[in-house]
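S.K.: Shown below is the structure under consideration.
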Amino acid sequence: ARTRRYTFNVTMATVTRLCVTKSIPTVNGRFLGPKVVVREGDRLVVQVHNNINNNVTFHWHGVRQLRSGWSDGPSYITQCPIRPGQSYAYDFRIVGQRGTLWWHAHFSWLRATLYGPLLILRRAASLPVPQAPHRGPLMLGAADRRGPNVSDAYTFNGLPGPTYNCSGASDTFKLRVQPGKTYLLRLVNAALNDELFFAVANHTLTVVQADASYVKPFTADTLVISPGQTMDVLLTAAASPSSPAAAFAIAVAPYTNTVGTFDNTTAIAVLEYDGAPQQSALRSLPRPALPLYNDTGAVANFSARFRSLASAQYPAHVPRTVDRRFFFAVGLGADQCQSRVNGTCQGPNGTRFAASMNNVSFTMPRTSLLQAHYQRRYSGVLTANFPAAPPVPFNYTGTPPNNTFVTHGTRVVPLNFNTTVEVVLQDTSILGAESHPLHLHGYDFFVVGQGFGNYDANNDTAKYNLVDPVQRNTISVPTAGWVAIRFVADNPGVWIMHCHLDVHLSWGLAMAWLVNDGPLPNQKLPPPPSDVPRC
Ligand code: C2O
């Protein structure tokens, strides 16, 4: 194992896309940020210098951070922000994980432009997937300027493609391949607020990894990738029927049930075979057919196809029994209007939008929860009373009850070391059903069940897959449905679980697990590094 060192200088830089020039926060002056490459088992040290006029932190999305919670990155959860002019070194090992993950800022909405790929190369000995040359990573993003669910453009590695007004020659991302060869495409959904469909015209994709875990390979014409999720897929450059153009559109478009305005445009990148004639008419490339923007059935079917490899070399250690069961009602709601954003309360009937789990809207503390936990100074910072179920059960996917005002708090669930946890995440329809990509820090979880309607403990639990459920760090709670996850709390620290639609996180769709130390020396959270930022 090696130590790999990177330096992130956070600076403002001028970037032009679609005829608009803006000054944006960047890492090392470039958008996208640097590609971080490690091999499994390596130690990674990223020295961050904050040179912008704003706080910042960085999160290594999907890295398990075993006993290295001080490097996890979510602001006010595992660290105080790195203030302007300050520095902090993230320092952790990557153990037992391989494939595609990514990194992003974890303060306010800064991850809109502060993100990049994190590739974990596998050891030569571990090859359940045919070795294929890599392409990408292809980071799918969205230039959000006008507010939630309204993007200026969807992007491939920061480029919006040829279909927008003012698209220029340099605005299109091109993926070059040799005819007949098979490639491993690494995909990341880095968009702030959009679940995305992904397809390549005239090509079928074989999914082999999700969130840096192997899955039983399966083929699909269209992928669905939620914000935060990553996917590695095989693509063979042998289009059928073969086309003389030998250039094909790669398309991305949003999946959403949000009523109201959203950007339903399709962004295009190009898959270009070597030897293809120079394409002048990028807009007229063969395009893949994508599902309708609100095709929830297609999304659920796709999500249900994931199975972990569960081989002798990569067994799935699925917890068969559970120590503690939780039921979280997840959704949007209304709040009394106390503070106005841009002069309005944004919500219906003079209320303010809020988002909650079990009716609790998460309040960001003013100091780091991990610091408070390490010093056992909880008073005034957090309360250990996050409810295990909604205070008053209701028909989650039917007509919502009248009084749905949320409560506020920095509430956590304390867990003893090695507790086996099951959480049923139930979507609610209080302000319209909408899917929520839930991301758990510090763990991969097994997705043991999913379905539509209200979760029914009597019937649904019996149908769980405890043999080869997929292991992920982010799962979409389906629109008007539920998903059940299991994990073993073997990583001491404080771990946030939140909706990876950034606007929902800022509305409070989050909670945190406080995992206590185990009895052995190697089951304890080490002390904070000396340079950890103070609040
Ligand atoms: Cu990728 Cu807490 O986030």
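In the structure tokens, each chain is lettered A, B, ... as it comes, each chain's residues begin at 1, and ligands are numbered from 1 in order of appearance.
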Which protein, DNA or RNA residues have an atom within 9 Å of ligand 1, counting only C-alpha atoms and all ligand atoms, as a ChimeraX atom specification?
M.R.: /A:59-62,72-74,102-106,111,190,227-229,439-441,474,496-500,502,505
S.K.: Quick one: pick out all strand (DSSP E) residues within range 395-472 of chain A from a backbone DSSP run and write them as a PyMOL selection string.
M.R.: chain A and resi 407-409+412-415+420-427+436-440+445-452+471-472
S.K.: With distances taken over only C-alpha atoms, which of A:Tyr115, A:Trp507, A:Tyr6, A:Tyr374 is nearest to Phe353 in chain A?
M.R.: A:Trp507
S.K.: Out of A:Tyr88, A:Phe306, A:Phe394, A:Phe31, which residue has the shortest atom-to-atom distance to Pro533 in chain A when counting only C-alpha atoms?
M.R.: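 Using only C-alpha atoms, the shortest distance to Pro533 in chain A belongs to A:Tyr88.
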S.K.: Find the spatial neighbours of range 354-356 of chain A, counting only C-alpha atoms, within a cut-off of 8 Å - ignore same-chain residues fewer than 5 positions away - and output them as a ChimeraX atom specification.
M.R.: /A:329-335,361-362,406,504-505,507-510
S.K.: When you look at Arg67 in chain A with a cut-off of 7 Å (counting only C-alpha atoms), what residues show up, excluding the ones that are within fewer than 6 positions of it in the same chain? I need them as a compact mmCIF listing (two decimals) with N, CA and C atoms, in the first residue's frame.
M.R.:
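Output below, filename selection-v6.txt:
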# COMPACT_ATOMS: atom_id res chain seq x y z
N ASN A 491 -18.64 1.09 12.68
CA ASN A 491 -17.72 2.19 12.44
C ASN A 491 -18.04 3.34 13.41
N PRO A 492 -17.25 3.46 14.49
CA PRO A 492 -17.59 4.47 15.48
C PRO A 492 -17.44 5.89 14.93
N LYS A 524 -12.26 1.97 18.42
CA LYS A 524 -12.51 3.29 19.00
C LYS A 524 -12.17 4.38 17.99
N LEU A 525 -12.90 5.47 18.10
CA LEU A 525 -12.60 6.64 17.27
C LEU A 525 -11.32 7.29 17.78
N PRO A 526 -10.32 7.44 16.93
CA PRO A 526 -9.08 8.08 17.38
C PRO A 526 -9.32 9.57 17.68
S.K.: Of the candidates A:Leu370, A:Ile77, A:Ala269, A:Val470, which one gets nearest to Pro527 in chain A if we count only C-alpha atoms?
M.R.: A:Leu370
S.K.: Counting only C-alpha atoms, what is within 7 Å of range 200-209 of chain A, bar same-chain residues fewer than 3 positions away, as a list of chain:residue names?
M.R.: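 My list of contacting residues is A:Ala212, A:Ser213, A:Tyr214, A:Val215, A:Lys216, A:Pro217, A:Phe218, A:Thr219, A:Ala220, A:Asp221, A:Met231, A:Asp232, A:Val233, A:Leu234, A:Leu235, A:Ala239, A:Ser240, A:Phe248, A:Ala249, A:Ile250, A:Ala251, A:Pro286, A:Arg287, A:Pro288.
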S.K.: Skip Ala153 in chain A itself and residues of its chain fewer than 6 positions away, then list as number ranges by chain all residues within 9 Å of it, counting only C-alpha atoms.
M.R.: A: 141-144, 159-161, 164, 263, 265-267
S.K.: Output C-alpha atoms for every residue in the selection just made, as a PDB file, in the first residue's frame.
M.R.:
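Everything below was put into selection.pdb:
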ATOM      1  CA  GLY A 141     -23.993  17.305 -13.623  1.00  0.00           C
ATOM      2  CA  ALA A 142     -26.413  20.134 -13.892  1.00  0.00           C
ATOM      3  CA  ALA A 143     -25.799  23.845 -13.947  1.00  0.00           C
ATOM      4  CA  ASP A 144     -28.362  24.944 -11.388  1.00  0.00           C
ATOM      5  CA  LEU A 159     -19.986  20.255 -20.843  1.00  0.00           C
ATOM      6  CA  PRO A 160     -23.635  20.770 -21.828  1.00  0.00           C
ATOM      7  CA  GLY A 161     -23.453  19.452 -25.387  1.00  0.00           C
ATOM      8  CA  TYR A 164     -28.725  24.249 -25.998  1.00  0.00           C
ATOM      9  CA  ASP A 263     -35.853  21.576 -17.109  1.00  0.00           C
ATOM     10  CA  THR A 265     -34.233  19.100 -21.866  1.00  0.00           C
ATOM     11  CA  THR A 266     -31.937  16.305 -22.973  1.00  0.00           C
ATOM     12  CA  ALA A 267     -28.200  16.854 -22.846  1.00  0.00           C
TER      13      ALA A 267
END
S.K.: Using only C-alpha atoms, find the one residue out of A:Pro529, A:Gly168, A:Pro521, A:Pro254 that sits nearest to Glu195 in chain A.
M.R.: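 Using only C-alpha atoms, the shortest distance to Glu195 in chain A belongs to A:Pro254.
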S.K.: Mind giving me the straight-line distance from CA of Asp444 in chain A to CA of Thr321 in chain A in Å, one decimal?
M.R.: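 CA of Thr321 in chain A lies 17.3 Å from CA of Asp444 in chain A.
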S.K.: Give me every helix (DSSP H, G or I) residue in range 217-448 of chain A, going by DSSP on the backbone, as a list in words.
M.R.: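 Restricting range 217-448 of chain A to helix (DSSP H, G or I) produces Leu282, Arg283, Ser284, Thr296, Gly297, Ala298, Val299, Ala300, Asn301, Phe302, Ser303, Ala304, Pro348, Asn349, Gly350, Leu369, Leu370, Gln371, Ala372, His373 and Tyr374 of chain A.
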S.K.: Save the residues we just selected, C-alpha atoms, as an mmCIF file, in the first residue's frame?
M.R.:
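Below is the file that was written, out.cif:
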data_model
loop_
_atom_site.group_PDB
_atom_site.id
_atom_site.type_symbol
_atom_site.label_atom_id
_atom_site.label_comp_id
_atom_site.auth_asym_id
_atom_site.auth_seq_id
_atom_site.Cartn_x
_atom_site.Cartn_y
_atom_site.Cartn_z
ATOM 1 C CA LEU A 282 -23.923 17.068 -33.837
ATOM 2 C CA ARG A 283 -27.567 17.879 -33.341
ATOM 3 C CA SER A 284 -28.668 15.174 -35.772
ATOM 4 C CA THR A 296 -41.690 5.890 -12.094
ATOM 5 C CA GLY A 297 -42.360 2.291 -13.177
ATOM 6 C CA ALA A 298 -39.249 2.218 -15.375
ATOM 7 C CA VAL A 299 -37.210 3.626 -12.509
ATOM 8 C CA ALA A 300 -38.471 1.051 -10.009
ATOM 9 C CA ASN A 301 -37.914 -1.839 -12.421
ATOM 10 C CA PHE A 302 -34.367 -0.739 -13.036
ATOM 11 C CA SER A 303 -33.639 -0.308 -9.338
ATOM 12 C CA ALA A 304 -34.996 -3.787 -8.571
ATOM 13 C CA PRO A 348 -47.866 26.961 -0.117
ATOM 14 C CA ASN A 349 -50.285 29.352 1.650
ATOM 15 C CA GLY A 350 -47.584 31.507 3.205
ATOM 16 C CA LEU A 369 -21.245 16.795 16.186
ATOM 17 C CA LEU A 370 -18.205 14.543 16.042
ATOM 18 C CA GLN A 371 -16.242 16.970 18.214
ATOM 19 C CA ALA A 372 -19.154 17.132 20.668
ATOM 20 C CA HIS A 373 -19.321 13.332 20.682
ATOM 21 C CA TYR A 374 -15.587 12.915 21.189
#
S.K.: Between A:Phe8, A:Phe328, A:Phe405, A:Tyr255, which has the minimum distance to Gln47 in chain A (counting only C-alpha atoms)?
M.R.: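 Residue with the minimum atom-to-atom distance to Gln47 in chain A: A:Phe8.
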S.K.: Which residue out of A:Thr155, A:Ser308, A:Asn385, A:Ser530 has the minimum interatomic distance to Ser87 in chain A when only C-alpha atoms are used?
M.R.: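 Under the stated criterion, the closest residue is A:Ser530.
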